[in-house]
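K.L.:
If it helps, the file is called my_file.txt and holds compact mmCIF, C-alpha atoms:
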# COMPACT_ATOMS: atom_id res chain seq x y z
CA MET A 9 3.11 -49.42 -8.80
CA GLN A 10 2.15 -50.58 -5.31
CA MET A 11 0.97 -47.79 -2.99
CA PRO A 12 2.47 -47.68 0.54
CA PRO A 13 0.14 -48.72 3.33
CA PRO A 14 -1.63 -45.89 5.18
CA PRO A 15 0.07 -44.77 8.39
CA THR A 16 -1.13 -46.24 11.63
CA PRO A 17 -3.13 -43.95 13.94
CA ALA A 18 -0.12 -43.58 16.23
CA ARG A 19 2.18 -42.62 13.34
CA ALA A 20 -0.43 -40.20 11.94
CA ALA A 21 -0.61 -38.51 15.35
CA ARG A 22 3.20 -38.18 15.46
CA ILE A 23 3.18 -36.61 11.96
CA GLY A 24 0.49 -34.16 13.03
CA ARG A 25 2.43 -33.11 16.14
CA ARG A 26 5.59 -32.68 14.05
CA ARG A 27 3.79 -30.36 11.64
CA LEU A 28 2.41 -28.27 14.51
CA LEU A 29 5.90 -27.93 15.95
CA GLN A 30 7.25 -26.86 12.56
CA GLN A 31 4.53 -24.20 12.24
CA ALA A 32 5.23 -22.93 15.75
CA LEU A 33 8.95 -22.73 14.98
CA ALA A 34 8.27 -20.77 11.79
CA LEU A 35 6.17 -18.25 13.73
CA SER A 36 8.81 -17.92 16.45
CA LEU A 37 11.36 -16.91 13.83
CA LEU A 38 9.31 -13.76 13.17
CA THR A 39 10.81 -11.16 15.49
CA PRO A 40 8.56 -8.44 16.96
CA ALA A 41 10.00 -6.01 14.38
CA ALA A 42 9.08 -8.41 11.58
CA LEU A 43 5.55 -8.78 12.93
CA LEU A 44 5.21 -4.99 13.14
CA ALA A 45 6.46 -4.63 9.58
CA GLN A 46 3.76 -7.02 8.43
CA ASP A 47 1.06 -4.96 10.17
CA LEU A 48 2.25 -1.51 9.09
CA PRO A 49 0.54 -1.58 5.65
CA GLY A 50 -2.77 -2.35 7.33
CA LEU A 51 -2.26 0.43 9.87
CA VAL A 52 -1.51 2.94 7.12
CA ALA A 53 -4.57 1.91 5.10
CA ARG A 54 -6.86 2.30 8.11
CA ALA A 55 -5.34 5.60 9.28
CA LYS A 56 -5.28 7.45 5.95
CA PRO A 57 -8.97 8.54 5.99
CA SER A 58 -8.28 10.25 9.33
CA VAL A 59 -5.31 12.34 8.11
CA LEU A 60 -6.31 15.74 6.70
CA LEU A 61 -5.02 18.61 4.65
CA VAL A 62 -5.08 21.89 6.60
CA GLY A 63 -5.03 25.30 4.92
CA THR A 64 -7.21 28.09 3.63
CA PHE A 65 -10.04 28.16 1.10
CA GLY A 66 -10.66 31.30 -0.93
CA ALA A 67 -13.25 31.58 -3.67
CA LEU A 68 -11.09 34.15 -5.48
CA ASP A 69 -7.75 32.45 -4.82
CA SER A 70 -5.88 30.41 -7.42
CA PRO A 71 -5.72 27.65 -6.44
CA ARG A 72 -8.70 27.97 -4.15
CA PHE A 73 -7.12 25.78 -1.46
CA GLY A 74 -3.89 27.02 0.06
CA PHE A 75 -2.11 24.13 1.80
CA ARG A 76 -0.36 24.88 5.10
CA GLY A 77 0.18 21.52 6.81
CA THR A 78 -1.21 18.23 8.04
CA GLY A 79 -3.88 17.44 10.62
CA PHE A 80 -5.83 14.43 11.87
CA VAL A 81 -9.34 13.65 13.09
CA VAL A 82 -10.09 12.98 16.77
CA GLY A 83 -13.04 12.78 19.14
CA ASP A 84 -16.50 12.69 17.56
CA GLY A 85 -15.15 12.82 14.00
CA THR A 86 -15.69 16.56 13.47
CA LEU A 87 -12.61 17.63 15.45
CA ALA A 88 -9.13 17.94 14.00
CA VAL A 89 -5.72 18.42 15.60
CA THR A 90 -2.83 20.23 13.92
CA GLY A 91 0.18 22.33 14.84
CA ALA A 92 -0.42 25.86 16.11
CA HIS A 93 2.17 27.16 13.63
CA VAL A 94 0.21 25.53 10.78
CA LEU A 95 -2.70 27.93 11.31
CA PRO A 96 -2.82 30.93 8.95
CA PRO A 97 -2.32 34.44 10.37
CA LEU A 98 -5.59 36.03 11.43
CA GLN A 99 -5.34 38.69 8.73
CA MET A 100 -5.44 35.94 6.09
CA VAL A 101 -8.83 34.63 7.18
CA GLU A 102 -10.61 37.68 8.54
CA THR A 103 -12.73 38.15 5.41
CA GLN A 104 -15.52 36.00 3.99
CA GLU A 105 -13.51 35.52 0.80
CA ARG A 106 -10.94 33.32 2.56
CA ARG A 107 -11.49 30.93 5.46
CA LEU A 108 -9.68 28.28 7.44
CA ALA A 109 -10.39 24.89 5.87
CA VAL A 110 -9.49 21.22 5.94
CA GLN A 111 -9.82 18.63 3.21
CA VAL A 112 -11.14 15.16 4.06
CA TRP A 113 -10.18 12.00 2.15
CA GLY A 114 -13.40 10.16 1.30
CA ALA A 115 -14.34 6.61 0.39
CA ASP A 116 -14.42 7.75 -3.26
CA ARG A 117 -10.68 8.52 -2.94
CA GLN A 118 -11.36 12.21 -3.50
CA TRP A 119 -10.60 15.25 -1.35
CA THR A 120 -13.58 17.24 -0.04
CA PRO A 121 -13.05 20.75 1.38
CA ARG A 122 -14.69 21.54 4.73
CA MET A 123 -14.75 24.93 6.37
CA ALA A 124 -13.22 24.94 9.86
CA THR A 125 -12.94 27.08 12.97
CA VAL A 126 -10.36 27.13 15.76
CA LEU A 127 -11.77 25.83 19.05
CA MET A 128 -8.53 26.06 21.04
CA ASN A 129 -4.99 27.15 20.22
CA ASP A 130 -1.89 26.51 22.32
CA PRO A 131 1.12 28.17 20.64
CA ALA A 132 3.31 27.48 23.67
CA HIS A 133 3.05 23.74 22.95
CA ASP A 134 2.39 24.08 19.20
CA VAL A 135 -0.98 22.30 19.11
CA ALA A 136 -4.39 23.51 17.94
CA LEU A 137 -7.89 21.99 17.99
CA LEU A 138 -10.28 22.66 15.10
CA ARG A 139 -13.94 21.95 14.42
CA PHE A 140 -14.86 21.31 10.78
CA GLU A 141 -18.22 21.27 9.02
CA GLY A 142 -19.99 18.32 7.45
CA PRO A 143 -20.43 14.67 8.44
CA PRO A 144 -17.97 12.99 10.80
CA ALA A 145 -14.78 11.42 9.47
CA PRO A 146 -13.02 8.39 11.03
CA ALA A 147 -11.19 9.45 14.18
CA LEU A 148 -7.83 8.24 15.44
CA ARG A 149 -7.39 7.01 19.00
CA LEU A 150 -5.17 9.07 21.28
CA ALA A 151 -2.63 7.24 23.42
CA SER A 152 -2.53 7.72 27.18
CA ASP A 153 -0.66 10.60 28.73
CA ALA A 154 2.33 8.37 29.46
CA PRO A 155 5.00 8.99 26.79
CA PRO A 156 5.92 6.06 24.53
CA PRO A 157 9.07 4.22 25.63
CA GLU A 158 12.30 5.19 23.94
CA GLY A 159 12.94 2.80 21.08
CA SER A 160 9.25 2.42 20.21
CA ASP A 161 8.53 1.89 16.51
CA ILE A 162 6.50 4.77 15.11
CA ALA A 163 5.07 5.89 11.77
CA LEU A 164 4.40 9.41 10.53
CA ILE A 165 1.66 10.08 7.96
CA GLY A 166 1.36 13.43 6.21
CA PHE A 167 1.96 15.50 3.10
CA PRO A 168 5.66 16.35 2.75
CA ILE A 169 6.43 19.35 0.54
CA GLY A 170 2.69 19.92 0.18
CA GLY A 171 1.16 19.91 -3.27
CA LEU A 172 4.50 19.60 -5.07
CA LEU A 173 4.08 15.82 -4.86
CA GLY A 174 0.31 15.93 -5.18
CA TYR A 175 -1.92 15.57 -2.18
CA SER A 176 -1.14 11.92 -1.50
CA HIS A 177 -0.65 10.45 1.96
CA VAL A 178 3.02 9.67 2.56
CA THR A 179 4.28 7.44 5.39
CA HIS A 180 7.69 7.55 7.04
CA ARG A 181 8.84 5.03 9.62
CA GLY A 182 11.23 5.50 12.56
CA VAL A 183 11.65 5.19 16.32
CA VAL A 184 11.26 7.33 19.42
CA ALA A 185 14.88 8.29 20.00
CA ALA A 186 14.58 10.24 23.27
CA HIS A 187 12.43 12.22 25.65
CA THR A 188 14.03 15.63 25.82
CA ALA A 189 13.23 18.96 27.45
CA ILE A 190 12.70 21.78 25.00
CA SER A 191 10.75 25.00 24.46
CA LEU A 192 9.46 26.11 21.11
CA PRO A 193 10.74 29.22 19.29
CA SER A 194 8.13 31.93 19.47
CA LEU A 195 8.10 32.88 15.80
CA ASN A 196 8.54 29.67 13.88
CA ALA A 197 8.17 26.14 15.19
CA GLN A 198 8.57 24.39 11.85
CA THR A 199 12.35 23.99 11.79
CA LEU A 200 15.32 24.30 14.12
CA ASN A 201 19.03 24.53 13.55
CA ALA A 202 21.73 23.18 15.83
CA ARG A 203 22.37 26.54 17.48
CA ASN A 204 18.70 27.01 18.33
CA VAL A 205 18.48 23.53 19.79
CA ALA A 206 21.44 24.25 22.07
CA GLN A 207 19.75 27.45 23.23
CA LEU A 208 16.44 25.71 23.84
CA ARG A 209 17.73 22.78 25.89
CA GLN A 210 16.64 24.61 29.03
CA GLY A 211 13.09 24.38 27.73
CA ALA A 212 9.91 24.20 29.74
CA PHE A 213 8.39 20.86 28.77
CA GLU A 214 9.19 17.41 27.48
CA ILE A 215 9.04 16.66 23.79
CA LEU A 216 9.56 13.49 21.76
CA GLN A 217 12.74 13.34 19.71
CA LEU A 218 12.23 11.04 16.73
CA ASP A 219 14.70 9.24 14.52
CA ILE A 220 12.64 9.82 11.36
CA ILE A 221 12.80 11.97 8.23
CA SER A 222 10.17 14.69 7.92
CA TYR A 223 9.75 17.64 5.59
CA PRO A 224 7.83 20.91 5.44
CA GLY A 225 4.19 19.88 5.04
CA ASN A 226 4.42 17.06 7.60
CA SER A 227 3.88 19.54 10.43
CA GLY A 228 0.74 18.84 12.45
CA GLY A 229 0.56 15.21 11.35
CA PRO A 230 0.00 12.24 13.66
CA VAL A 231 2.86 10.18 15.04
CA LEU A 232 1.47 6.64 15.38
CA ASP A 233 2.70 3.86 17.64
CA ILE A 234 2.92 0.94 15.20
CA ALA A 235 2.30 -1.62 17.96
CA THR A 236 -0.97 -0.05 19.15
CA GLY A 237 -2.11 2.12 16.25
CA GLU A 238 -2.60 5.03 18.66
CA VAL A 239 -1.44 8.63 18.24
CA VAL A 240 1.48 9.31 20.58
CA GLY A 241 2.42 12.76 19.27
CA VAL A 242 1.88 15.65 16.86
CA LEU A 243 4.79 16.42 14.57
CA SER A 244 6.10 19.90 15.30
CA MET A 245 9.49 20.47 13.68
CA ALA A 246 12.64 18.98 12.17
CA LEU A 247 16.28 19.67 12.93
CA ILE A 248 17.99 21.26 9.92
CA LYS A 249 21.60 21.83 8.90
CA GLY A 250 22.49 25.31 7.70
CA THR A 251 19.77 27.11 5.75
CA ARG A 252 16.04 26.42 5.66
CA GLU A 253 16.38 25.04 2.14
CA SER A 254 18.58 22.23 3.46
CA ALA A 255 15.48 20.73 5.10
CA LEU A 256 14.65 19.48 1.60
CA SER A 257 18.09 18.81 0.13
CA SER A 258 19.81 17.37 3.20
CA PRO A 259 17.32 16.24 5.86
CA THR A 260 18.92 15.29 9.16
CA GLY A 261 16.46 12.54 10.04
CA ILE A 262 15.87 14.15 13.44
CA SER A 263 12.35 15.38 14.13
CA TYR A 264 10.36 16.47 17.17
CA ALA A 265 6.77 15.79 18.20
CA ILE A 266 4.47 17.18 20.87
CA PRO A 267 3.23 14.44 23.26
CA THR A 268 -0.45 13.55 23.11
CA ARG A 269 -1.14 14.78 26.63
CA HIS A 270 -1.14 18.37 25.33
CA VAL A 271 -3.89 17.44 22.85
CA ARG A 272 -5.93 15.96 25.70
CA ALA A 273 -5.45 19.18 27.66
CA LEU A 274 -6.80 21.22 24.76
CA MET A 275 -9.81 18.96 24.39
CA SER A 276 -10.50 19.24 28.11
CA SER A 277 -10.26 23.04 27.96
CA ALA A 278 -12.64 23.08 25.00
CA ARG A 279 -14.99 20.76 26.94
CA VAL A 280 -15.14 18.26 24.12
CA GLU A 281 -15.06 14.56 24.80
CA ASP A 282 -12.33 12.24 23.61
CA LYS A 283 -14.57 9.40 22.46
CA GLY A 284 -11.55 7.19 21.85
CA GLY A 285 -11.76 7.20 18.08
CA ASN A 286 -11.12 4.18 15.92
CA LYS A 287 -8.04 2.15 16.75
CA PRO A 288 -6.33 1.74 13.34
Represent the supplied structure as structure tokens.
P.N.:
Amino acid sequence: MQMPPPPTPARAARIGRRRLLQQALALSLLTPAALLAQDLPGLVARAKPSVLLVGTFGALDSPRFGFRGTGFVVGDGTLAVTGAHVLPPLQMVETQERRLAVQVWGADRQWTPRMATVLMNDPAHDVALLRFEGPPAPALRLASDAPPPEGSDIALIGFPIGGLLGYSHVTHRGVVAAHTAISLPSLNAQTLNARNVAQLRQGAFEILQLDIISYPGNSGGPVLDIATGEVVGVLSMALIKGTRESALSSPTGISYAIPTRHVRALMSSARVEDKGGNKP
């Protein structure tokens, strides 16, 4: 069988240009959402070591670690942010037998308990800053004080329903639905019902309304901007229908997060530096 003659240099150049145009067209067909979806697994993998369990550790308790919510590492790697309502009541940790603690996910894929103390607590905005013992953990980068635009793609990493599913990082994806004015209920900032929301619309500060499913246990977790990998908020509460139990059986898919600027304010008050952290 006779082989065709090799292409002339001019024809070879035309073939090369055609292939480049085909590759460029294939890339252009990937919408921004598709590109973000491709990057989300990498973002989750990089962020997981920075997302912590927050609770209490008691030598005489069974189990020794009592889970209360989610937190995440910031600053120099020994600071953690969580929700103020995640913290245990003072009477629970006033003795040496039980202390505030976090658990850090290590390179060996094991949880390591670290004792912690509260540096600053802001119940009015439902954020708290902790210092934990031991070597630094990877820190997340905080976004600027400007709120993320409505419609931004976000991801939430935490531990829904606590230990019932095992202490495995779980990711939910959604969007920033709105910037809305709200004030937090004084006794419990974990869930709201429709009546409470209506009463709180005259609230004192702006909060992020998220179109995303969250559950008890997610509270205090980071809300990540998928495009930048930065923390834009701290999950505070979820809208519920009817009773508290319906938060599990019939989630509304409406959640609320505290903007990052309130975390920066706590760090400034505690005179600790935001070193920028690692951009996931």
K.L.:
For CA of Arg181 (chain A) and CA of Ala163 (chain A), quote the distance in Å rounded to one decimal.
P.N.:
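That distance, rounded to one decimal, is 4.4 Å.
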K.L.:
With distances taken over only C-alpha atoms, which residue among A:Thr78, A:Ser276, A:Pro49, A:Asp153 lies nearest Ser222 (chain A)?
P.N.:
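Once distances to Ser222 (chain A) are computed over only C-alpha atoms, the minimum belongs to A:Thr78.
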K.L.:
My list of candidates is A:Val184, A:Val126, A:Ile221, A:Val81. Which is closest to Pro96 (chain A) when distances are computed with all atoms listed in the file?
P.N.:
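Nearest candidate to Pro96 (chain A) out of A:Val184, A:Val126, A:Ile221, A:Val81: A:Val126.
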K.L.:
Can you write out as a Markdown table which residues of region 109-201 of chain A fall within 8 Å of region 262-269 of chain A, alongside each residue's closest atom pair and its distance in Å to one decimal, counting only C-alpha atoms and ordering rows by chain and ascending residue number?
P.N.:
| residue | atom | partner | partner_atom | distance |
| --- | --- | --- | --- | --- |
| A:His133 | CA | A:Ile266 | CA | 7.0 |
| A:Asp134 | CA | A:Ile266 | CA | 7.4 |
| A:Val135 | CA | A:Ile266 | CA | 7.7 |
| A:Leu150 | CA | A:Thr268 | CA | 6.8 |
| A:Ala151 | CA | A:Thr268 | CA | 6.7 |
| A:Ser152 | CA | A:Arg269 | CA | 7.2 |
| A:Asp153 | CA | A:Arg269 | CA | 4.7 |
| A:Ala154 | CA | A:Arg269 | CA | 7.8 |
| A:Pro155 | CA | A:Pro267 | CA | 6.7 |
K.L.:
If I wrap all listed atoms of region 110-129 of chain A in a box with edges along x, y and z and add 3 Å on each side, what are its centre and edge lengths in Å to one decimal, as lines of an AutoDock Vina configuration file?
P.N.:
center_x = -9.9
center_y = 16.9
center_z = 8.8
size_x = 15.8
size_y = 26.5
size_z = 30.5
K.L.:
Using all atoms listed in the file, can you list as a PyMOL selection string the residues within 12 Å of (-9.2, 8.1, 18.4)?
P.N.:
chain A and resi 55+58-59+80-89+145-152+230+232+236-240+268+271-272+281-288
K.L.:
How about saving the chosen residues, C-alpha atoms kept, as a PDB file, keeping the file's coordinate frame?
P.N.:
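Resulting contents of again28.pdb:
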ATOM      1  CA  ALA A  55      -5.340   5.600   9.280  1.00  0.00           C
ATOM      2  CA  SER A  58      -8.280  10.250   9.330  1.00  0.00           C
ATOM      3  CA  VAL A  59      -5.310  12.340   8.110  1.00  0.00           C
ATOM      4  CA  PHE A  80      -5.830  14.430  11.870  1.00  0.00           C
ATOM      5  CA  VAL A  81      -9.340  13.650  13.090  1.00  0.00           C
ATOM      6  CA  VAL A  82     -10.090  12.980  16.770  1.00  0.00           C
ATOM      7  CA  GLY A  83     -13.040  12.780  19.140  1.00  0.00           C
ATOM      8  CA  ASP A  84     -16.500  12.690  17.560  1.00  0.00           C
ATOM      9  CA  GLY A  85     -15.150  12.820  14.000  1.00  0.00           C
ATOM     10  CA  THR A  86     -15.690  16.560  13.470  1.00  0.00           C
ATOM     11  CA  LEU A  87     -12.610  17.630  15.450  1.00  0.00           C
ATOM     12  CA  ALA A  88      -9.130  17.940  14.000  1.00  0.00           C
ATOM     13  CA  VAL A  89      -5.720  18.420  15.600  1.00  0.00           C
ATOM     14  CA  ALA A 145     -14.780  11.420   9.470  1.00  0.00           C
ATOM     15  CA  PRO A 146     -13.020   8.390  11.030  1.00  0.00           C
ATOM     16  CA  ALA A 147     -11.190   9.450  14.180  1.00  0.00           C
ATOM     17  CA  LEU A 148      -7.830   8.240  15.440  1.00  0.00           C
ATOM     18  CA  ARG A 149      -7.390   7.010  19.000  1.00  0.00           C
ATOM     19  CA  LEU A 150      -5.170   9.070  21.280  1.00  0.00           C
ATOM     20  CA  ALA A 151      -2.630   7.240  23.420  1.00  0.00           C
ATOM     21  CA  SER A 152      -2.530   7.720  27.180  1.00  0.00           C
ATOM     22  CA  PRO A 230       0.000  12.240  13.660  1.00  0.00           C
ATOM     23  CA  LEU A 232       1.470   6.640  15.380  1.00  0.00           C
ATOM     24  CA  THR A 236      -0.970  -0.050  19.150  1.00  0.00           C
ATOM     25  CA  GLY A 237      -2.110   2.120  16.250  1.00  0.00           C
ATOM     26  CA  GLU A 238      -2.600   5.030  18.660  1.00  0.00           C
ATOM     27  CA  VAL A 239      -1.440   8.630  18.240  1.00  0.00           C
ATOM     28  CA  VAL A 240       1.480   9.310  20.580  1.00  0.00           C
ATOM     29  CA  THR A 268      -0.450  13.550  23.110  1.00  0.00           C
ATOM     30  CA  VAL A 271      -3.890  17.440  22.850  1.00  0.00           C
ATOM     31  CA  ARG A 272      -5.930  15.960  25.700  1.00  0.00           C
ATOM     32  CA  GLU A 281     -15.060  14.560  24.800  1.00  0.00           C
ATOM     33  CA  ASP A 282     -12.330  12.240  23.610  1.00  0.00           C
ATOM     34  CA  LYS A 283     -14.570   9.400  22.460  1.00  0.00           C
ATOM     35  CA  GLY A 284     -11.550   7.190  21.850  1.00  0.00           C
ATOM     36  CA  GLY A 285     -11.760   7.200  18.080  1.00  0.00           C
ATOM     37  CA  ASN A 286     -11.120   4.180  15.920  1.00  0.00           C
ATOM     38  CA  LYS A 287      -8.040   2.150  16.750  1.00  0.00           C
ATOM     39  CA  PRO A 288      -6.330   1.740  13.340  1.00  0.00           C
TER      40      PRO A 288
END
K.L.:
Give the answer as one residue: which of A:Asn226, A:Ser244, A:Thr64, A:Gln118 has the shortest atom-to-atom distance to Gly170 (chain A), using all atoms listed in the file?
P.N.:
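For Gly170 (chain A), the nearest of the given residues is A:Asn226.
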K.L.:
Could you list, as a list in words, every residue within 12 Å of Gly174 (chain A), counting all atoms listed in the file and ignoring same-chain residues fewer than 6 positions away?
P.N.:
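Answer for this query is Leu61, Phe75, Trp119, Gly166, Phe167, Pro168 and Gly225 of chain A.
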K.L.:
Give the answer as one residue: which of A:Asn129, A:Gln217, A:Ser160, A:Thr120 has the shortest atom-to-atom distance to His187 (chain A), using only C-alpha atoms?
P.N.:
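Smallest separation from His187 (chain A) among the options: A:Gln217.
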K.L.:
Nearest residue to Arg76 (chain A) out of A:Phe140, A:Gln99, A:Lys56, A:Ser227, using only C-alpha atoms?
P.N.:
A:Ser227
K.L.:
Report, in Å to a single decimal, how far apart CA of Leu51 (chain A) and CA of Arg117 (chain A) are.
P.N.:
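Straight-line distance from CA of Arg117 (chain A) to CA of Leu51 (chain A) works out to 17.3 Å.
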K.L.:
Find, counting only C-alpha atoms, the residue in A:Leu164, A:Leu60, A:Met275, A:Leu138 that gets nearest to Trp113 (chain A).
P.N.:
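Checking each of A:Leu164, A:Leu60, A:Met275, A:Leu138 against Trp113 (chain A), counting only C-alpha atoms, the winner is A:Leu60.
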K.L.:
At most 7 Å from (-0.8, 25.2, 9.6), file frame, all atoms listed in the file: which residues, as a count of residues only?
P.N.:
11
K.L.:
Mind giving me the straight-line distance from CA of Tyr175 (chain A) to CA of Gly66 (chain A) in Å, one decimal?
P.N.:
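Atom-to-atom, CA of Tyr175 (chain A) to CA of Gly66 (chain A), that is 18.0 Å.
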